Structure formats: C-alpha cells, structure tokens
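Raw contents of final-v7.txt, compact mmCIF, C-alpha atoms and all ligand atoms:
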# COMPACT_ATOMS: atom_id res chain seq x y z
CA MET A 1 13.17 93.37 87.23
CA LEU A 2 16.53 92.55 88.77
CA GLU A 3 17.60 94.66 91.73
CA VAL A 4 21.13 94.67 93.08
CA LYS A 5 21.20 96.21 96.54
CA HIS A 6 24.36 97.34 98.25
CA ILE A 7 26.52 94.41 97.11
CA SER A 8 30.06 94.24 98.46
CA LYS A 9 32.61 91.50 97.99
CA LYS A 10 35.81 91.06 99.92
CA ARG A 11 38.34 88.28 99.60
CA MET A 12 41.19 88.18 102.09
CA LEU A 13 42.16 91.84 102.45
CA ARG A 14 41.10 92.80 98.94
CA THR A 15 37.83 94.65 98.26
CA MET A 16 36.52 93.48 94.89
CA LEU A 17 33.13 95.23 95.00
CA LYS A 18 31.99 98.08 97.22
CA ASP A 19 28.32 98.91 97.90
CA CYS A 20 27.08 98.34 94.33
CA SER A 21 23.41 99.09 93.68
CA PHE A 22 21.44 99.21 90.42
CA SER A 23 18.37 97.73 88.79
CA ILE A 24 17.73 96.23 85.34
CA GLU A 25 14.31 96.06 83.73
CA THR A 26 13.02 93.41 81.34
CA GLY A 27 13.68 94.09 77.67
CA LYS A 28 16.95 95.95 78.08
CA ILE A 29 20.42 95.30 76.72
CA VAL A 30 22.81 96.48 79.40
CA GLY A 31 26.59 96.77 79.16
CA ILE A 32 28.67 96.56 82.30
CA ILE A 33 31.83 98.45 81.46
CA GLY A 34 34.99 99.61 83.19
CA GLU A 35 38.74 99.15 83.13
CA ASN A 36 40.56 95.86 83.84
CA GLY A 37 40.12 94.81 87.45
CA SER A 38 37.16 97.13 88.10
CA GLY A 39 34.98 94.22 89.24
CA LYS A 40 32.86 93.29 86.20
CA THR A 41 33.48 89.53 86.31
CA THR A 42 33.04 89.44 90.08
CA LEU A 43 29.71 91.23 89.74
CA LEU A 44 28.46 88.80 87.08
CA LYS A 45 29.54 85.81 89.15
CA ILE A 46 27.53 87.18 92.04
CA LEU A 47 24.51 87.75 89.78
CA ALA A 48 24.81 84.16 88.55
CA GLY A 49 25.15 82.78 92.08
CA VAL A 50 28.66 81.42 91.46
CA LEU A 51 30.04 83.75 94.14
CA HIS A 52 28.31 84.95 97.28
CA PRO A 53 28.46 88.61 98.23
CA SER A 54 30.04 89.56 101.56
CA LYS A 55 27.20 92.05 102.00
CA GLY A 56 24.04 93.04 100.15
CA ASP A 57 21.21 91.30 98.28
CA ILE A 58 19.96 90.53 94.83
CA ASN A 59 16.20 90.72 94.43
CA LEU A 60 14.73 88.46 91.80
CA GLU A 61 11.15 87.29 91.47
CA LYS A 62 11.96 83.57 91.54
CA ASN A 63 14.76 81.11 92.19
CA ARG A 64 18.06 82.41 90.70
CA SER A 65 18.74 79.29 88.59
CA HIS A 66 15.42 79.78 86.73
CA GLN A 67 16.02 83.48 86.23
CA ILE A 68 19.57 83.79 84.96
CA SER A 69 21.44 82.01 82.18
CA TYR A 70 25.14 82.74 82.57
CA SER A 71 28.14 82.39 80.30
CA PRO A 72 31.49 82.82 82.12
CA ASP A 73 34.54 84.32 80.42
CA GLN A 74 36.55 81.10 80.65
CA GLU A 75 35.97 77.90 78.74
CA TYR A 76 34.16 75.21 80.67
CA PHE A 77 33.07 72.70 78.08
CA TYR A 78 33.40 68.95 77.93
CA ASP A 79 35.98 68.71 75.18
CA TYR A 80 35.10 65.16 74.20
CA PHE A 81 31.48 66.16 73.36
CA LYS A 82 30.37 66.97 69.86
CA ILE A 83 28.42 70.25 69.61
CA GLU A 84 25.16 68.30 69.16
CA GLN A 85 25.91 66.23 72.28
CA LEU A 86 26.56 69.39 74.28
CA ILE A 87 23.22 70.77 73.13
CA ASP A 88 21.47 67.53 74.15
CA PHE A 89 23.23 67.73 77.51
CA TYR A 90 22.01 71.30 78.10
CA ASN A 91 18.55 70.23 77.01
CA SER A 92 18.58 67.46 79.62
CA GLN A 93 19.75 69.84 82.36
CA PHE A 94 17.50 72.87 81.88
CA ASN A 95 13.70 72.73 81.59
CA ASP A 96 13.78 76.18 80.01
CA PHE A 97 16.22 75.15 77.24
CA ASP A 98 14.83 75.73 73.74
CA LEU A 99 16.32 72.93 71.63
CA GLU A 100 15.06 74.36 68.34
CA ARG A 101 16.50 77.80 69.14
CA ALA A 102 19.84 76.19 70.04
CA LYS A 103 19.94 74.33 66.71
CA ALA A 104 18.99 77.51 64.84
CA LEU A 105 21.76 79.39 66.65
CA ILE A 106 24.37 76.75 65.78
CA ASP A 107 23.27 77.02 62.16
CA PHE A 108 23.26 80.85 62.26
CA PHE A 109 26.76 80.82 63.76
CA GLU A 110 27.89 78.55 60.89
CA LEU A 111 29.00 75.70 63.14
CA ASP A 112 28.92 72.01 62.32
CA PRO A 113 26.92 70.16 65.03
CA LYS A 114 28.97 66.99 64.36
CA GLN A 115 32.24 68.76 65.20
CA LYS A 116 33.99 67.82 68.45
CA ILE A 117 34.44 70.72 70.89
CA THR A 118 38.12 69.91 71.31
CA TYR A 119 38.80 70.68 67.62
CA LEU A 120 37.05 74.07 67.62
CA SER A 121 38.88 77.40 67.42
CA LYS A 122 38.50 79.99 70.18
CA GLY A 123 35.98 81.93 68.08
CA GLN A 124 33.97 78.78 67.39
CA LYS A 125 33.97 77.75 71.08
CA THR A 126 32.78 81.23 72.02
CA ARG A 127 29.91 80.96 69.55
CA VAL A 128 28.92 77.55 71.00
CA LYS A 129 29.04 78.98 74.53
CA ILE A 130 26.84 81.91 73.56
CA ALA A 131 24.42 79.67 71.65
CA VAL A 132 23.75 77.36 74.62
CA THR A 133 23.48 80.32 77.00
CA ILE A 134 20.97 82.32 74.99
CA ALA A 135 18.98 79.23 74.00
CA ARG A 136 17.54 79.23 77.53
CA ASN A 137 14.25 81.00 78.16
CA THR A 138 15.37 82.80 81.30
CA PRO A 139 14.44 86.46 81.91
CA PHE A 140 18.12 87.43 82.23
CA LEU A 141 20.94 86.35 79.92
CA VAL A 142 24.33 87.21 81.35
CA LEU A 143 27.44 87.06 79.12
CA ASP A 144 30.93 87.80 80.41
CA GLU A 145 33.17 89.22 77.66
CA PRO A 146 31.39 87.55 74.71
CA LEU A 147 33.56 89.40 72.16
CA ALA A 148 37.01 89.22 73.77
CA GLY A 149 39.85 88.20 71.48
CA LEU A 150 37.72 87.62 68.39
CA ASP A 151 38.17 88.88 64.85
CA PRO A 152 35.81 91.62 63.55
CA LEU A 153 33.70 89.27 61.43
CA VAL A 154 33.09 86.86 64.31
CA LYS A 155 32.24 89.79 66.60
CA GLU A 156 29.71 91.01 64.05
CA LYS A 157 28.21 87.53 63.73
CA ILE A 158 27.82 87.25 67.50
CA ILE A 159 26.22 90.69 67.78
CA ASN A 160 23.79 89.79 64.98
CA GLY A 161 23.02 86.51 66.77
CA LEU A 162 22.20 88.42 69.95
CA ILE A 163 19.92 90.83 68.09
CA ARG A 164 18.15 88.02 66.29
CA PHE A 165 17.74 85.42 69.03
CA VAL A 166 17.30 87.29 72.32
CA ASP A 167 13.59 87.84 72.93
CA LEU A 168 13.52 91.38 74.30
CA ASP A 169 9.78 91.13 75.00
CA LYS A 170 10.63 88.70 77.78
CA GLN A 171 14.38 88.84 78.31
CA SER A 172 17.17 91.23 79.21
CA LEU A 173 20.74 90.83 78.12
CA ILE A 174 23.60 91.82 80.41
CA ILE A 175 27.10 91.81 78.96
CA THR A 176 30.52 92.91 80.12
CA THR A 177 32.76 94.21 77.42
CA HIS A 178 35.72 96.37 76.48
CA GLU A 179 34.53 96.46 72.84
CA LEU A 180 32.57 99.70 73.12
CA LEU A 181 32.69 100.59 69.44
CA GLU A 182 31.22 97.24 68.45
CA VAL A 183 28.43 97.07 71.02
CA GLU A 184 27.43 100.72 71.33
CA ALA A 185 24.72 100.31 68.70
CA ILE A 186 22.90 97.52 70.55
CA LEU A 187 23.17 98.78 74.14
CA ASP A 188 20.22 100.46 75.86
CA GLU A 189 22.07 101.23 79.07
CA VAL A 190 25.53 101.13 80.56
CA ILE A 191 26.58 100.54 84.13
CA VAL A 192 30.09 101.81 84.78
CA LEU A 193 32.34 100.20 87.38
CA LYS A 194 35.48 101.78 88.77
CA ASP A 195 37.55 100.28 91.59
CA GLY A 196 34.65 97.98 92.52
CA GLN A 197 32.06 100.74 92.67
CA VAL A 198 29.18 101.65 90.37
CA ILE A 199 29.98 105.19 89.32
CA GLU A 200 27.24 105.60 86.70
CA GLN A 201 24.14 103.96 85.21
CA LYS A 202 22.91 105.74 82.11
CA GLU A 203 20.80 105.33 78.96
CA VAL A 204 23.11 105.08 75.93
CA GLU A 205 20.72 107.24 73.90
CA ASP A 206 21.24 110.09 76.38
CA ILE A 207 25.03 109.69 76.13
CA ARG A 208 24.95 109.66 72.31
CA LYS A 209 23.13 113.00 72.23
CA ILE A 210 26.29 114.61 73.57
CA ASN A 211 29.17 112.20 72.95
CA SER A 212 30.33 108.79 71.76
CA LEU A 213 30.23 106.12 74.46
CA GLN A 214 34.01 105.80 74.38
CA ASN A 215 34.64 109.54 74.82
CA TRP A 216 31.98 109.80 77.53
CA LEU A 217 33.66 106.95 79.41
CA LYS A 218 37.04 108.70 79.17
CA GLU A 219 35.48 111.87 80.56
CA ILE A 220 33.83 110.28 83.59
CA TYR A 221 36.74 107.94 84.43
N1 LIG B 301 39.92 84.98 93.33
C1 LIG B 301 40.28 86.21 93.64
N2 LIG B 301 40.85 86.49 94.83
C2 LIG B 301 41.21 87.75 95.17
N3 LIG B 301 41.03 88.81 94.36
C3 LIG B 301 40.47 88.59 93.16
C4 LIG B 301 40.06 87.29 92.73
N4 LIG B 301 39.52 87.39 91.48
C5 LIG B 301 39.60 88.70 91.15
N5 LIG B 301 40.17 89.41 92.15
C6 LIG B 301 40.41 90.87 92.18
O1 LIG B 301 39.12 91.52 92.19
C7 LIG B 301 39.16 92.69 91.40
C8 LIG B 301 38.06 92.62 90.35
O2 LIG B 301 38.40 91.59 89.42
P1 LIG B 301 37.42 91.22 88.20
O3 LIG B 301 37.97 90.01 87.53
O4 LIG B 301 36.03 91.16 88.70
O5 LIG B 301 37.61 92.52 87.28
P2 LIG B 301 37.15 92.76 85.78
O6 LIG B 301 36.57 94.15 85.73
O7 LIG B 301 36.29 91.65 85.29
O8 LIG B 301 38.53 92.76 85.01
P3 LIG B 301 38.89 92.40 83.47
O9 LIG B 301 38.34 93.53 82.63
O10 LIG B 301 40.38 92.37 83.47
O11 LIG B 301 38.26 91.07 83.14
C9 LIG B 301 40.57 92.80 90.83
O12 LIG B 301 41.30 93.68 91.64
C10 LIG B 301 41.10 91.38 90.93
O13 LIG B 301 42.50 91.39 91.11
Could you express the structure from this file as structure tokens?
Amino acid sequence: MLEVKHISKKRMLRTMLKDCSFSIETGKIVGIIGENGSGKTTLLKILAGVLHPSKGDINLEKNRSHQISYSPDQEYFYDYFKIEQLIDFYNSQFNDFDLERAKALIDFFELDPKQKITYLSKGQKTRVKIAVTIARNTPFLVLDEPLAGLDPLVKEKIINGLIRFVDLDKQSLIITTHELLEVEAILDEVIVLKDGQVIEQKEVEDIRKINSLQNWLKEIY
C-alpha cells in the first residue's frame, strides 16, 4: 500500500501541488490524469523521491528506492551504450533487477540488444526505458507518459508489454497519460488532478457503467 498524505509542492511563488491525498493498493493499474500543467509529473517525481514535497508525507513500508521503479518522461540514457550494456548496467545497480525479464522484454518489444541507444528512434528509446523500468521487482512501477508521441502500433505493443510483464500479484503500475482511449481498457482506477489538486479517485469499472472515461473526465473538469 502506498499512501500519499497531504502533499503540497511550491516553487518560488508557484503552487504546483496542493494538499494531495490518495492511496494505491498492490495489484492495481492506476492512471493519473488531468490537463497539461495539472501537476502529474511533479506528483510522480515526488513519489519517486526526485523532488521533495514542501508539505506532506508518503507512507511506504520500506525504503523508497526499494519500493518504486520510476521512468521519467524525458530521455536520460547513456547514448554510447548498446541496449545490452544498458541492461547490464541496470542489473549491476539494482538488486531487484530481473535480467531474464529485461531480456524477454527487449525481445517482446522487437529491439536488437546490439543496437546503440544513440541510433534508436523515439519509439524504440521509449520501449527500452519501459523495459528497464518494469524489469525491476519493486512493488510500485511508475511511468510518466509512456505513450506520448508514439504511433498506434507502438502504443499497442507497449500496452501489451505492460499487461504481460507486470506481476499484478505483487506489483502496482502507476502511469500518467493523456491517451485515455488507449489505456482505458487496462486501468483499474484513475486519480484526476486539476490545478495541482486531486479532484477525484475512482474505479474505472464504476465510471464505465455510466460513461466513457473521456466523457466522464470532460464532465467533472
Ligand atoms: N521547475 C519548475 N519550476 C516552477 N514551476 C514548475 C516547474 N516544473 C513545472 N512547473 C509548474 O508546475 C505545474 C505542474 O507541472 P507538471 O509538469 O507537473 O504538470 P503535468 O500535469 O505533468 O503537465 P503535462 O501534461 O503538460 O506534462 C505547472 O504549472 C508547471 O508550469
């Protein structure tokens, strides 16, 4: 269980997050959604420990670095590595890294392990980033905008990779996204941010009984 309690974040005079509280159970796929600038990336950075909140706490059972595997929205790779070298590097850095799962993911994502990162397309780099993030056996996998700017086939491949390789008996997946149509089918819950505040946390099944996720979001926004 991950509990976010009354998190606020201010930088200079700007309020990026305001009194955000929610909890996420093991085994859930949770989408953090909301318009541009609503605070999704800031929230994920705070979950991952990259940013510190100005106020509030995050309750996790153990040390954050053993609990959360995080993929930021920007690229951060060592361009001169080959994919297989990057995987070896991750394996050397994280005790919870599953080398076999990483190799299976690279294969599933139709990537050549001998290829240098610098020569990969955006879609290929995104797949590498997701592969090394979800190859860790942490209880929470946190992906910022894993589908942004990708073509429909690559999006589908990534979503299938998530379904196939995330172990929902032990792990939860938290993603931010604007691609509601594409992810609606895999989400268990959504957390909606507006102007830095959590305005809703709801089971997607309950939303679908009355509306599509996209229309529901328009109504509450
Ligand atoms: N380094 C920073 N310093 C000051 N303000 C920032 C900084 N980074 C982001 N912000 C502001 O914080 C707010 C939340 O930004 P954030 O990137 O978290 O939103 P987002 O929901 O992820 O947006 P998007 O959907 O466009 O990625 C925005 O108003 C943004 O301008």
Would you name the residues within 12 Å of ligand LIG 301 (chain B), counting all atoms listed in the file, and put them as a PDB file with C-alpha atoms, keeping the file's coordinate frame?
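result_15.pdb was written with the following content:
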ATOM      1  CA  SER A   8      30.060  94.240  98.460  1.00  0.00           C
ATOM      2  CA  LYS A   9      32.610  91.500  97.990  1.00  0.00           C
ATOM      3  CA  LYS A  10      35.810  91.060  99.920  1.00  0.00           C
ATOM      4  CA  ARG A  11      38.340  88.280  99.600  1.00  0.00           C
ATOM      5  CA  MET A  12      41.190  88.180 102.090  1.00  0.00           C
ATOM      6  CA  LEU A  13      42.160  91.840 102.450  1.00  0.00           C
ATOM      7  CA  ARG A  14      41.100  92.800  98.940  1.00  0.00           C
ATOM      8  CA  THR A  15      37.830  94.650  98.260  1.00  0.00           C
ATOM      9  CA  MET A  16      36.520  93.480  94.890  1.00  0.00           C
ATOM     10  CA  LEU A  17      33.130  95.230  95.000  1.00  0.00           C
ATOM     11  CA  LYS A  18      31.990  98.080  97.220  1.00  0.00           C
ATOM     12  CA  ILE A  32      28.670  96.560  82.300  1.00  0.00           C
ATOM     13  CA  ILE A  33      31.830  98.450  81.460  1.00  0.00           C
ATOM     14  CA  GLY A  34      34.990  99.610  83.190  1.00  0.00           C
ATOM     15  CA  GLU A  35      38.740  99.150  83.130  1.00  0.00           C
ATOM     16  CA  ASN A  36      40.560  95.860  83.840  1.00  0.00           C
ATOM     17  CA  GLY A  37      40.120  94.810  87.450  1.00  0.00           C
ATOM     18  CA  SER A  38      37.160  97.130  88.100  1.00  0.00           C
ATOM     19  CA  GLY A  39      34.980  94.220  89.240  1.00  0.00           C
ATOM     20  CA  LYS A  40      32.860  93.290  86.200  1.00  0.00           C
ATOM     21  CA  THR A  41      33.480  89.530  86.310  1.00  0.00           C
ATOM     22  CA  THR A  42      33.040  89.440  90.080  1.00  0.00           C
ATOM     23  CA  LEU A  43      29.710  91.230  89.740  1.00  0.00           C
ATOM     24  CA  LEU A  44      28.460  88.800  87.080  1.00  0.00           C
ATOM     25  CA  LYS A  45      29.540  85.810  89.150  1.00  0.00           C
ATOM     26  CA  ILE A  46      27.530  87.180  92.040  1.00  0.00           C
ATOM     27  CA  VAL A  50      28.660  81.420  91.460  1.00  0.00           C
ATOM     28  CA  LEU A  51      30.040  83.750  94.140  1.00  0.00           C
ATOM     29  CA  PRO A  72      31.490  82.820  82.120  1.00  0.00           C
ATOM     30  CA  ASP A  73      34.540  84.320  80.420  1.00  0.00           C
ATOM     31  CA  GLN A  74      36.550  81.100  80.650  1.00  0.00           C
ATOM     32  CA  LEU A 143      27.440  87.060  79.120  1.00  0.00           C
ATOM     33  CA  ASP A 144      30.930  87.800  80.410  1.00  0.00           C
ATOM     34  CA  GLU A 145      33.170  89.220  77.660  1.00  0.00           C
ATOM     35  CA  PRO A 146      31.390  87.550  74.710  1.00  0.00           C
ATOM     36  CA  ALA A 148      37.010  89.220  73.770  1.00  0.00           C
ATOM     37  CA  ILE A 175      27.100  91.810  78.960  1.00  0.00           C
ATOM     38  CA  THR A 176      30.520  92.910  80.120  1.00  0.00           C
ATOM     39  CA  THR A 177      32.760  94.210  77.420  1.00  0.00           C
ATOM     40  CA  HIS A 178      35.720  96.370  76.480  1.00  0.00           C
ATOM     41  CA  GLU A 179      34.530  96.460  72.840  1.00  0.00           C
ATOM     42  CA  ILE A 191      26.580 100.540  84.130  1.00  0.00           C
ATOM     43  CA  VAL A 192      30.090 101.810  84.780  1.00  0.00           C
ATOM     44  CA  LEU A 193      32.340 100.200  87.380  1.00  0.00           C
ATOM     45  CA  LYS A 194      35.480 101.780  88.770  1.00  0.00           C
ATOM     46  CA  ASP A 195      37.550 100.280  91.590  1.00  0.00           C
ATOM     47  CA  GLY A 196      34.650  97.980  92.520  1.00  0.00           C
ATOM     48  CA  GLN A 197      32.060 100.740  92.670  1.00  0.00           C
ATOM     49  CA  VAL A 198      29.180 101.650  90.370  1.00  0.00           C
TER      50      VAL A 198
END
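Between atom CA of A:Ile7 and atom CA of A:Thr133 lies a distance of 24.7 Å.
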Calculated over all atoms listed in the file, which of the candidates A:Ile210, A:Ile130, A:Met1, A:Leu187 has the smallest distance to A:Ile58?
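Answer, going by the shortest atom-to-atom distance: A:Met1.
Proximity to A:Val190 at 9 Å, evaluated using all atoms listed in the file and with sequence-adjacent residues fewer than 6 positions away removed, yields Ile29, Val30, Gly31, Ile32, Ile33, Glu200, Gln201, Lys202, Glu203 and Val204 of chain A.
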Nearest to A:Lys62 by atom-to-atom distance, counting all atoms listed in the file, from A:Leu2, A:Leu86, A:Leu150, A:Leu213:
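Closest to A:Lys62 of all the choices is A:Leu2.
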Taken to one decimal, the atom CA of A:Gly27-atom CA of A:Ile68 distance is 13.9 Å
Would you compute the distance between atom CA of A:Leu168 and atom CA of A:Arg136? Give it in Å to one decimal.
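These atoms are spaced 13.2 Å apart.
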Across A:Cys20, A:Ile199, A:Ala48, A:Ala135, the smallest distance to A:Asn91, with all atoms listed in the file counted, is shown by A:Ala135
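Checking A:Tyr221, A:Tyr78, A:Phe140, A:Phe97 one by one against A:Asp167, counting only C-alpha atoms, you find the shortest gap at A:Phe140.
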So, with only C-alpha atoms as the atoms that count, which of A:Val154, A:Ile117, A:Leu99, A:Leu105 lies closest to A:Phe81?
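So, comparing all the options, the nearest one is A:Ile117.
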Counting all atoms listed in the file, which residue out of A:Ser54, A:Asn59, A:Thr118, A:Gln214 sits closest to A:Glu3?
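Distance minimum relative to A:Glu3 lands on A:Asn59.
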Which polymer residues have any atom within 12 Å of an atom of A:Asp88, counting all atoms listed in the file, with same-chain residues fewer than 4 positions away left out, as a ChimeraX atom specification?
/A:81-84,92-95,97-100,102-103,113,132,135
Within 9 Å of file point (15.7, 87.3, 84.8), counting all atoms listed in the file, expressed as a PyMOL selection string:
chain A and resi 1-2+25-26+60-62+64+66-69+138-141+170-172
Around stretch 111-128 of chain A, with edges along x, y and z and 8 Å added on all six sides, what centre and edge lengths do you get, in Å to one decimal, as lines of an AutoDock Vina configuration file?
center_x = 32.9
center_y = 74.5
center_z = 67.2
size_x = 28.0
size_y = 30.9
size_z = 25.7
Close residues, A:Arg127 itself excluded, 10 Å, all atoms listed in the file, min 3 positions apart in chain, as a ChimeraX atom specification
/A:105-106,108-111,121-124,130-133,146-147,154-155,157-158,161
Would you save stretch 50-120 of chain A to a file, keeping C-alpha atoms, as a PDB file, in the first residue's frame?
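For reference, out09.pdb as written:
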ATOM      1  CA  VAL A  50      13.368  13.031  -7.226  1.00  0.00           C
ATOM      2  CA  LEU A  51      11.576  16.059  -5.761  1.00  0.00           C
ATOM      3  CA  HIS A  52      10.798  16.745  -2.123  1.00  0.00           C
ATOM      4  CA  PRO A  53       7.349  17.957  -1.140  1.00  0.00           C
ATOM      5  CA  SER A  54       7.036  21.328   0.596  1.00  0.00           C
ATOM      6  CA  LYS A  55       4.481  19.706   2.905  1.00  0.00           C
ATOM      7  CA  GLY A  56       3.033  16.250   3.478  1.00  0.00           C
ATOM      8  CA  ASP A  57       4.280  12.656   3.579  1.00  0.00           C
ATOM      9  CA  ILE A  58       4.410   9.496   1.559  1.00  0.00           C
ATOM     10  CA  ASN A  59       3.943   6.316   3.567  1.00  0.00           C
ATOM     11  CA  LEU A  60       5.659   3.264   2.193  1.00  0.00           C
ATOM     12  CA  GLU A  61       6.553   0.067   4.017  1.00  0.00           C
ATOM     13  CA  LYS A  62      10.280   0.212   3.245  1.00  0.00           C
ATOM     14  CA  ASN A  63      12.966   2.460   1.811  1.00  0.00           C
ATOM     15  CA  ARG A  64      11.648   4.359  -1.254  1.00  0.00           C
ATOM     16  CA  SER A  65      14.419   3.183  -3.612  1.00  0.00           C
ATOM     17  CA  HIS A  66      13.449  -0.471  -2.999  1.00  0.00           C
ATOM     18  CA  GLN A  67       9.758   0.230  -3.424  1.00  0.00           C
ATOM     19  CA  ILE A  68       9.459   2.324  -6.565  1.00  0.00           C
ATOM     20  CA  SER A  69      10.885   1.876 -10.053  1.00  0.00           C
ATOM     21  CA  TYR A  70      10.444   5.133 -11.948  1.00  0.00           C
ATOM     22  CA  SER A  71      10.603   6.097 -15.594  1.00  0.00           C
ATOM     23  CA  PRO A  72      10.660   9.885 -16.178  1.00  0.00           C
ATOM     24  CA  ASP A  73       9.098  11.490 -19.236  1.00  0.00           C
ATOM     25  CA  GLN A  74      12.421  12.748 -20.585  1.00  0.00           C
ATOM     26  CA  GLU A  75      15.240  10.691 -22.023  1.00  0.00           C
ATOM     27  CA  TYR A  76      18.090  10.027 -19.639  1.00  0.00           C
ATOM     28  CA  PHE A  77      20.091   7.262 -21.239  1.00  0.00           C
ATOM     29  CA  TYR A  78      23.779   6.895 -21.894  1.00  0.00           C
ATOM     30  CA  ASP A  79      23.732   7.254 -25.656  1.00  0.00           C
ATOM     31  CA  TYR A  80      27.019   5.459 -26.202  1.00  0.00           C
ATOM     32  CA  PHE A  81      25.686   2.247 -24.565  1.00  0.00           C
ATOM     33  CA  LYS A  82      24.261  -0.602 -26.560  1.00  0.00           C
ATOM     34  CA  ILE A  83      20.876  -1.819 -25.269  1.00  0.00           C
ATOM     35  CA  GLU A  84      22.531  -4.936 -23.801  1.00  0.00           C
ATOM     36  CA  GLN A  85      25.114  -2.780 -21.997  1.00  0.00           C
ATOM     37  CA  LEU A  86      22.358  -0.623 -20.539  1.00  0.00           C
ATOM     38  CA  ILE A  87      20.621  -3.743 -19.269  1.00  0.00           C
ATOM     39  CA  ASP A  88      23.867  -4.983 -17.696  1.00  0.00           C
ATOM     40  CA  PHE A  89      24.319  -1.554 -16.115  1.00  0.00           C
ATOM     41  CA  TYR A  90      20.821  -1.655 -14.584  1.00  0.00           C
ATOM     42  CA  ASN A  91      21.491  -5.185 -13.416  1.00  0.00           C
ATOM     43  CA  SER A  92      24.643  -4.005 -11.634  1.00  0.00           C
ATOM     44  CA  GLN A  93      22.803  -1.103  -9.981  1.00  0.00           C
ATOM     45  CA  PHE A  94      19.610  -2.728  -8.707  1.00  0.00           C
ATOM     46  CA  ASN A  95      19.474  -5.919  -6.627  1.00  0.00           C
ATOM     47  CA  ASP A  96      15.831  -6.298  -7.604  1.00  0.00           C
ATOM     48  CA  PHE A  97      16.549  -6.179 -11.364  1.00  0.00           C
ATOM     49  CA  ASP A  98      15.336  -9.279 -13.213  1.00  0.00           C
ATOM     50  CA  LEU A  99      17.841  -9.775 -16.035  1.00  0.00           C
ATOM     51  CA  GLU A 100      15.834 -12.528 -17.718  1.00  0.00           C
ATOM     52  CA  ARG A 101      12.662 -10.419 -17.660  1.00  0.00           C
ATOM     53  CA  ALA A 102      14.582  -7.475 -19.145  1.00  0.00           C
ATOM     54  CA  LYS A 103      15.893  -9.654 -21.990  1.00  0.00           C
ATOM     55  CA  ALA A 104      12.410 -11.065 -22.592  1.00  0.00           C
ATOM     56  CA  LEU A 105      11.006  -7.526 -22.694  1.00  0.00           C
ATOM     57  CA  ILE A 106      13.625  -6.369 -25.211  1.00  0.00           C
ATOM     58  CA  ASP A 107      12.719  -9.359 -27.363  1.00  0.00           C
ATOM     59  CA  PHE A 108       8.960  -8.760 -26.932  1.00  0.00           C
ATOM     60  CA  PHE A 109       9.435  -5.104 -27.895  1.00  0.00           C
ATOM     61  CA  GLU A 110      11.281  -6.249 -31.046  1.00  0.00           C
ATOM     62  CA  LEU A 111      14.507  -4.447 -30.212  1.00  0.00           C
ATOM     63  CA  ASP A 112      18.012  -5.532 -31.144  1.00  0.00           C
ATOM     64  CA  PRO A 113      20.148  -5.748 -27.960  1.00  0.00           C
ATOM     65  CA  LYS A 114      23.285  -4.987 -30.024  1.00  0.00           C
ATOM     66  CA  GLN A 115      21.864  -1.653 -31.211  1.00  0.00           C
ATOM     67  CA  LYS A 116      23.419   1.527 -29.805  1.00  0.00           C
ATOM     68  CA  ILE A 117      20.978   3.758 -27.902  1.00  0.00           C
ATOM     69  CA  THR A 118      22.053   6.801 -29.903  1.00  0.00           C
ATOM     70  CA  TYR A 119      20.752   5.241 -33.147  1.00  0.00           C
ATOM     71  CA  LEU A 120      17.300   4.348 -31.767  1.00  0.00           C
TER      72      LEU A 120
END
